>>> print(open('final-v5.txt').read())   # compact mmCIF, C-alpha atoms
# COMPACT_ATOMS: atom_id res chain seq x y z
CA MET A 1 3.20 -32.25 -15.17
CA THR A 2 -0.54 -31.69 -15.00
CA LYS A 3 -2.44 -28.95 -16.77
CA PRO A 4 -3.17 -25.96 -14.50
CA HIS A 5 -6.62 -24.57 -13.91
CA PHE A 6 -7.43 -21.48 -16.03
CA SER A 7 -7.31 -19.34 -12.88
CA PHE A 8 -3.59 -20.17 -12.61
CA TRP A 9 -2.84 -17.95 -15.62
CA ILE A 10 -5.05 -15.12 -14.35
CA ILE A 11 -3.53 -15.12 -10.86
CA ALA A 12 0.05 -15.32 -12.15
CA GLY A 13 -0.61 -12.61 -14.74
CA LEU A 14 -2.20 -10.25 -12.23
CA GLY A 15 0.65 -10.94 -9.81
CA LEU A 16 3.14 -10.03 -12.51
CA VAL A 17 1.32 -6.76 -13.27
CA TRP A 18 1.23 -5.91 -9.53
CA ASN A 19 4.95 -6.55 -9.16
CA LEU A 20 5.86 -4.68 -12.35
CA MET A 21 4.01 -1.67 -10.93
CA GLY A 22 6.13 -2.12 -7.81
CA CYS A 23 9.29 -2.20 -9.95
CA LEU A 24 8.25 1.07 -11.62
CA ASN A 25 7.56 2.55 -8.18
CA PHE A 26 11.02 1.48 -6.99
CA ILE A 27 12.68 3.03 -10.04
CA ALA A 28 10.71 6.27 -9.57
CA GLN A 29 11.79 6.44 -5.94
CA MET A 30 15.44 6.30 -6.97
CA ASN A 31 15.01 9.63 -8.81
CA ALA A 32 15.33 12.60 -6.43
CA GLU A 33 13.38 14.93 -8.74
CA THR A 34 10.47 12.51 -8.87
CA VAL A 35 10.50 12.10 -5.09
CA ASP A 36 10.42 15.89 -4.63
CA GLN A 37 7.13 15.99 -6.57
CA MET A 38 5.45 13.37 -4.36
CA PRO A 39 3.17 14.14 -1.41
CA GLU A 40 4.95 15.02 1.83
CA LEU A 41 4.13 11.69 3.51
CA TYR A 42 5.70 9.69 0.67
CA GLN A 43 8.76 11.92 0.77
CA LEU A 44 9.07 11.26 4.50
CA ILE A 45 8.92 7.50 3.98
CA ILE A 46 11.42 7.52 1.12
CA LYS A 47 13.91 10.04 2.49
CA THR A 48 14.08 8.46 5.96
CA ARG A 49 14.29 4.88 4.68
CA PRO A 50 17.58 3.22 5.63
CA THR A 51 19.68 1.50 2.98
CA TRP A 52 18.70 -1.98 4.19
CA ALA A 53 15.01 -1.15 3.76
CA THR A 54 15.59 0.24 0.26
CA ALA A 55 17.42 -2.98 -0.62
CA ALA A 56 14.55 -5.01 0.86
CA PHE A 57 12.08 -3.00 -1.24
CA GLY A 58 14.10 -3.80 -4.37
CA VAL A 59 14.19 -7.50 -3.48
CA ALA A 60 10.46 -7.46 -2.76
CA VAL A 61 9.39 -6.09 -6.13
CA PHE A 62 12.04 -7.49 -8.47
CA ALA A 63 11.93 -10.97 -6.91
CA GLY A 64 8.14 -10.74 -6.99
CA ALA A 65 8.14 -9.97 -10.71
CA THR A 66 10.71 -12.70 -11.39
CA GLY A 67 8.73 -15.17 -9.30
CA CYS A 68 5.54 -14.44 -11.22
CA ILE A 69 7.40 -14.88 -14.52
CA LEU A 70 8.67 -18.23 -13.22
CA VAL A 71 5.11 -19.20 -12.29
CA LEU A 72 3.96 -18.32 -15.81
CA LEU A 73 6.85 -20.44 -17.15
CA ARG A 74 5.67 -23.18 -14.75
CA ARG A 75 8.99 -23.43 -12.92
CA ARG A 76 9.18 -24.77 -9.38
CA ALA A 77 11.90 -22.22 -8.50
CA ALA A 78 9.08 -19.65 -8.38
CA VAL A 79 8.26 -20.73 -4.83
CA GLN A 80 11.75 -19.88 -3.51
CA VAL A 81 11.90 -16.60 -5.44
CA LEU A 82 8.48 -15.56 -4.13
CA LEU A 83 9.64 -16.49 -0.62
CA ALA A 84 12.57 -14.07 -1.05
CA SER A 85 10.07 -11.46 -2.25
CA MET A 86 7.94 -12.03 0.84
CA VAL A 87 10.95 -11.55 3.13
CA GLY A 88 11.65 -8.26 1.30
CA ILE A 89 8.02 -7.21 1.70
CA VAL A 90 8.00 -7.91 5.43
CA LEU A 91 11.24 -6.00 6.02
CA THR A 92 10.09 -3.06 3.90
CA MET A 93 6.69 -2.88 5.55
CA ALA A 94 8.18 -3.18 9.05
CA GLN A 95 10.29 -0.10 8.37
CA THR A 96 7.38 1.78 6.76
CA VAL A 97 5.05 0.98 9.66
CA SER A 98 7.70 2.27 12.09
CA VAL A 99 7.62 5.64 10.27
CA VAL A 100 3.93 6.15 9.44
CA GLY A 101 2.02 3.35 11.12
CA VAL A 102 -0.18 0.69 9.56
CA SER A 103 -2.02 1.71 6.42
CA PRO A 104 -4.18 -0.10 3.87
CA SER A 105 -1.28 -0.12 1.37
CA THR A 106 1.08 -1.84 3.82
CA LEU A 107 -1.53 -4.49 4.57
CA LEU A 108 -2.30 -4.94 0.87
CA ALA A 109 1.36 -5.49 -0.01
CA VAL A 110 1.76 -8.15 2.68
CA LEU A 111 -1.51 -9.86 1.72
CA ILE A 112 -0.75 -9.97 -2.00
CA GLY A 113 2.84 -11.12 -1.47
CA GLY A 114 1.65 -13.82 0.93
CA ALA A 115 -1.12 -14.89 -1.44
CA LEU A 116 1.31 -15.23 -4.36
CA LEU A 117 3.71 -17.30 -2.26
CA TRP A 118 0.84 -19.46 -0.99
CA TYR A 119 -0.60 -19.95 -4.48
CA SER A 120 2.78 -20.86 -5.97
CA SER A 121 3.26 -23.53 -3.28
CA ILE A 122 -0.21 -24.92 -4.08
CA ALA A 123 0.66 -24.93 -7.79
CA ALA A 124 3.89 -26.79 -7.05
CA ARG A 125 2.07 -29.43 -4.97
CA ALA A 126 -0.59 -29.77 -7.67
CA GLY A 127 2.10 -30.60 -10.22
CA TRP A 128 1.57 -27.43 -12.24
CA LEU A 129 5.17 -26.31 -11.72
CA ASN A 130 8.10 -28.27 -13.06
>>> encode(input="final-v5.txt", output="structure tokens")
Amino acid sequence: MTKPHFSFWIIAGLGLVWNLMGCLNFIAQMNAETVDQMPELYQLIIKTRPTWATAAFGVAVFAGATGCILVLLRRRAAVQVLLASMVGIVLTMAQTVSVVGVSPSTLLAVLIGGALLWYSSIAARAGWLN
């Protein structure tokens, strides 16, 4: 296994922080009292979200966090876990876009998820993941 570039640790660490914020967001959205305090648009998205989209959201953020931890541990399984996260992101964003249209946050989620998956596959090919 070769030594990763210093940017490897920065990218994986920032990806973990991003996904942990997503995990906290997911947990907050499971609390009805918290949802009632959110802006009306967020309430609309959350309250009209079907069960499959809520499950996809959970997969997106928890698999994303797990995948980033696996990257930091330099495990090759990170690529498959981040792929599962990306599938969750796409499903969640497809449902969100159908309710409120495209927004910067939906694009950002897809871009970051895709970038983490892409970077993990590069790291695996470079021999940085075991």
>>> atom_distance(input="final-v5.txt", atom1="CA of Ile46 in chain A", atom2="CA of Leu108 in chain A")
18.5 Å
>>> residues_around(input="final-v5.txt", residues="Ser98 in chain A", least_positions_apart="5", cutoff="12 Å", atoms="all atoms listed in the file", output="list of chain:residue names")
A:Leu44, A:Ile45, A:Thr48, A:Arg49, A:Pro50, A:Ala53, A:Leu91, A:Thr92, A:Met93, A:Ser103, A:Thr106
>>> residues_around(input="final-v5.txt", residues="Leu82 in chain A", least_positions_apart="6", cutoff="12 Å", atoms="all atoms listed in the file", output="number ranges by chain")
A: 12, 15-16, 19, 59-71, 75-76, 88-89, 112-121
>>> residues_around(input="final-v5.txt", residues="Asn130 in chain A", least_positions_apart="2", cutoff="9 Å", atoms="all atoms listed in the file", output="VMD selection string")
chain A and resid 1 73 to 77 124 127 to 128
>>> residues_near_point(input="final-v5.txt", point="(-3.0, -23.5, -9.9)", cutoff="7 Å", atoms="all atoms listed in the file", output="PyMOL selection string")
chain A and resi 4-5+7-8+119+122-123+128
>>> residues_around(input="final-v5.txt", residues="Gln43 in chain A", least_positions_apart="4", cutoff="12 Å", atoms="all atoms listed in the file", output="NGL selection string")
:A and (28-39 or 47-49 or 96 or 99-100)
>>> write_last_selection(input="final-v5.txt", atoms="C-alpha atoms", output="PDB file, in the coordinates of the input")
ATOM      1  CA  ALA A  28      10.710   6.270  -9.570  1.00  0.00           C
ATOM      2  CA  GLN A  29      11.790   6.440  -5.940  1.00  0.00           C
ATOM      3  CA  MET A  30      15.440   6.300  -6.970  1.00  0.00           C
ATOM      4  CA  ASN A  31      15.010   9.630  -8.810  1.00  0.00           C
ATOM      5  CA  ALA A  32      15.330  12.600  -6.430  1.00  0.00           C
ATOM      6  CA  GLU A  33      13.380  14.930  -8.740  1.00  0.00           C
ATOM      7  CA  THR A  34      10.470  12.510  -8.870  1.00  0.00           C
ATOM      8  CA  VAL A  35      10.500  12.100  -5.090  1.00  0.00           C
ATOM      9  CA  ASP A  36      10.420  15.890  -4.630  1.00  0.00           C
ATOM     10  CA  GLN A  37       7.130  15.990  -6.570  1.00  0.00           C
ATOM     11  CA  MET A  38       5.450  13.370  -4.360  1.00  0.00           C
ATOM     12  CA  PRO A  39       3.170  14.140  -1.410  1.00  0.00           C
ATOM     13  CA  LYS A  47      13.910  10.040   2.490  1.00  0.00           C
ATOM     14  CA  THR A  48      14.080   8.460   5.960  1.00  0.00           C
ATOM     15  CA  ARG A  49      14.290   4.880   4.680  1.00  0.00           C
ATOM     16  CA  THR A  96       7.380   1.780   6.760  1.00  0.00           C
ATOM     17  CA  VAL A  99       7.620   5.640  10.270  1.00  0.00           C
ATOM     18  CA  VAL A 100       3.930   6.150   9.440  1.00  0.00           C
TER      19      VAL A 100
END
>>> atom_distance(input="final-v5.txt", atom1="CA of Ala56 in chain A", atom2="CA of Leu24 in chain A")
15.2 Å
>>> decode(input="final-v5.txt", residues="range 19-123 of chain A", atoms="C-alpha atoms", output="JSON list (two decimals), in the first residue's frame")
[["chain", "number", "residue", "atom", "x", "y", "z"],
["A", 19, "ASN", "CA", -21.91, 13.51, 6.09],
["A", 20, "LEU", "CA", -22.05, 13.81, 9.89],
["A", 21, "MET", "CA", -23.95, 17.08, 9.40],
["A", 22, "GLY", "CA", -26.29, 15.13, 7.13],
["A", 23, "CYS", "CA", -26.73, 12.48, 9.84],
["A", 24, "LEU", "CA", -27.65, 15.19, 12.35],
["A", 25, "ASN", "CA", -30.08, 16.66, 9.81],
["A", 26, "PHE", "CA", -31.69, 13.23, 9.33],
["A", 27, "ILE", "CA", -32.06, 12.74, 13.08],
["A", 28, "ALA", "CA", -33.56, 16.23, 13.47],
["A", 29, "GLN", "CA", -36.08, 15.48, 10.72],
["A", 30, "MET", "CA", -37.29, 12.41, 12.59],
["A", 31, "ASN", "CA", -38.46, 14.67, 15.45],
["A", 32, "ALA", "CA", -41.91, 16.15, 14.74],
["A", 33, "GLU", "CA", -41.39, 19.07, 17.15],
["A", 34, "THR", "CA", -38.17, 20.04, 15.42],
["A", 35, "VAL", "CA", -39.81, 19.82, 12.00],
["A", 36, "ASP", "CA", -42.65, 22.08, 13.16],
["A", 37, "GLN", "CA", -40.08, 24.80, 13.94],
["A", 38, "MET", "CA", -38.53, 24.68, 10.46],
["A", 39, "PRO", "CA", -39.42, 27.03, 7.59],
["A", 40, "GLU", "CA", -42.56, 26.12, 5.68],
["A", 41, "LEU", "CA", -40.68, 24.88, 2.59],
["A", 42, "TYR", "CA", -38.63, 22.41, 4.65],
["A", 43, "GLN", "CA", -41.77, 21.20, 6.38],
["A", 44, "LEU", "CA", -43.37, 20.61, 2.97],
["A", 45, "ILE", "CA", -40.40, 18.56, 1.80],
["A", 46, "ILE", "CA", -40.22, 16.50, 4.99],
["A", 47, "LYS", "CA", -43.93, 15.94, 5.57],
["A", 48, "THR", "CA", -44.67, 14.92, 1.97],
["A", 49, "ARG", "CA", -41.63, 12.67, 1.63],
["A", 50, "PRO", "CA", -42.60, 9.03, 1.05],
["A", 51, "THR", "CA", -41.11, 6.30, 3.21],
["A", 52, "TRP", "CA", -38.80, 5.09, 0.43],
["A", 53, "ALA", "CA", -37.30, 8.58, 0.10],
["A", 54, "THR", "CA", -36.79, 8.87, 3.86],
["A", 55, "ALA", "CA", -35.01, 5.50, 3.79],
["A", 56, "ALA", "CA", -32.90, 6.69, 0.85],
["A", 57, "PHE", "CA", -32.00, 9.84, 2.80],
["A", 58, "GLY", "CA", -30.87, 7.69, 5.73],
["A", 59, "VAL", "CA", -28.78, 5.49, 3.44],
["A", 60, "ALA", "CA", -27.29, 8.57, 1.77],
["A", 61, "VAL", "CA", -26.00, 10.19, 4.95],
["A", 62, "PHE", "CA", -25.17, 7.19, 7.13],
["A", 63, "ALA", "CA", -23.47, 5.28, 4.30],
["A", 64, "GLY", "CA", -21.68, 8.51, 3.38],
["A", 65, "ALA", "CA", -20.33, 8.91, 6.91],
["A", 66, "THR", "CA", -19.38, 5.23, 7.08],
["A", 67, "GLY", "CA", -17.71, 5.44, 3.68],
["A", 68, "CYS", "CA", -15.64, 8.44, 4.74],
["A", 69, "ILE", "CA", -14.60, 6.63, 7.92],
["A", 70, "LEU", "CA", -13.55, 3.67, 5.76],
["A", 71, "VAL", "CA", -11.55, 6.02, 3.53],
["A", 72, "LEU", "CA", -9.80, 7.43, 6.61],
["A", 73, "LEU", "CA", -9.10, 3.83, 7.70],
["A", 74, "ARG", "CA", -7.81, 3.24, 4.15],
["A", 75, "ARG", "CA", -10.23, 0.41, 3.42],
["A", 76, "ARG", "CA", -11.18, -0.49, -0.15],
["A", 77, "ALA", "CA", -14.78, -1.22, 0.94],
["A", 78, "ALA", "CA", -15.22, 2.57, 1.11],
["A", 79, "VAL", "CA", -15.86, 2.65, -2.64],
["A", 80, "GLN", "CA", -18.87, 0.32, -2.43],
["A", 81, "VAL", "CA", -20.27, 2.06, 0.66],
["A", 82, "LEU", "CA", -19.93, 5.47, -1.01],
["A", 83, "LEU", "CA", -21.65, 4.04, -4.09],
["A", 84, "ALA", "CA", -24.60, 3.04, -1.87],
["A", 85, "SER", "CA", -24.56, 6.57, -0.46],
["A", 86, "MET", "CA", -24.65, 8.02, -3.97],
["A", 87, "VAL", "CA", -27.67, 5.87, -4.87],
["A", 88, "GLY", "CA", -29.39, 7.17, -1.72],
["A", 89, "ILE", "CA", -28.50, 10.75, -2.66],
["A", 90, "VAL", "CA", -29.89, 10.41, -6.18],
["A", 91, "LEU", "CA", -33.16, 8.87, -4.96],
["A", 92, "THR", "CA", -33.57, 11.49, -2.23],
["A", 93, "MET", "CA", -32.81, 14.38, -4.54],
["A", 94, "ALA", "CA", -35.12, 13.04, -7.26],
["A", 95, "GLN", "CA", -38.00, 13.09, -4.78],
["A", 96, "THR", "CA", -37.03, 16.53, -3.43],
["A", 97, "VAL", "CA", -36.77, 18.00, -6.94],
["A", 98, "SER", "CA", -40.24, 16.62, -7.73],
["A", 99, "VAL", "CA", -41.63, 18.61, -4.77],
["A", 100, "VAL", "CA", -39.72, 21.91, -4.90],
["A", 101, "GLY", "CA", -37.64, 21.86, -8.07],
["A", 102, "VAL", "CA", -33.89, 22.10, -8.46],
["A", 103, "SER", "CA", -32.07, 24.15, -5.85],
["A", 104, "PRO", "CA", -28.43, 24.84, -5.03],
["A", 105, "SER", "CA", -28.61, 22.44, -2.06],
["A", 106, "THR", "CA", -29.83, 19.54, -4.22],
["A", 107, "LEU", "CA", -27.05, 20.14, -6.71],
["A", 108, "LEU", "CA", -24.47, 20.47, -3.94],
["A", 109, "ALA", "CA", -25.49, 17.16, -2.36],
["A", 110, "VAL", "CA", -25.19, 15.33, -5.69],
["A", 111, "LEU", "CA", -21.86, 16.99, -6.51],
["A", 112, "ILE", "CA", -20.28, 16.27, -3.13],
["A", 113, "GLY", "CA", -21.55, 12.68, -3.05],
["A", 114, "GLY", "CA", -20.28, 12.11, -6.58],
["A", 115, "ALA", "CA", -16.93, 13.72, -5.79],
["A", 116, "LEU", "CA", -16.44, 11.52, -2.72],
["A", 117, "LEU", "CA", -17.26, 8.38, -4.71],
["A", 118, "TRP", "CA", -14.95, 9.48, -7.53],
["A", 119, "TYR", "CA", -12.11, 10.33, -5.14],
["A", 120, "SER", "CA", -12.42, 7.03, -3.28],
["A", 121, "SER", "CA", -12.16, 5.13, -6.57],
["A", 122, "ILE", "CA", -9.04, 7.15, -7.46],
["A", 123, "ALA", "CA", -7.59, 6.39, -4.02]]
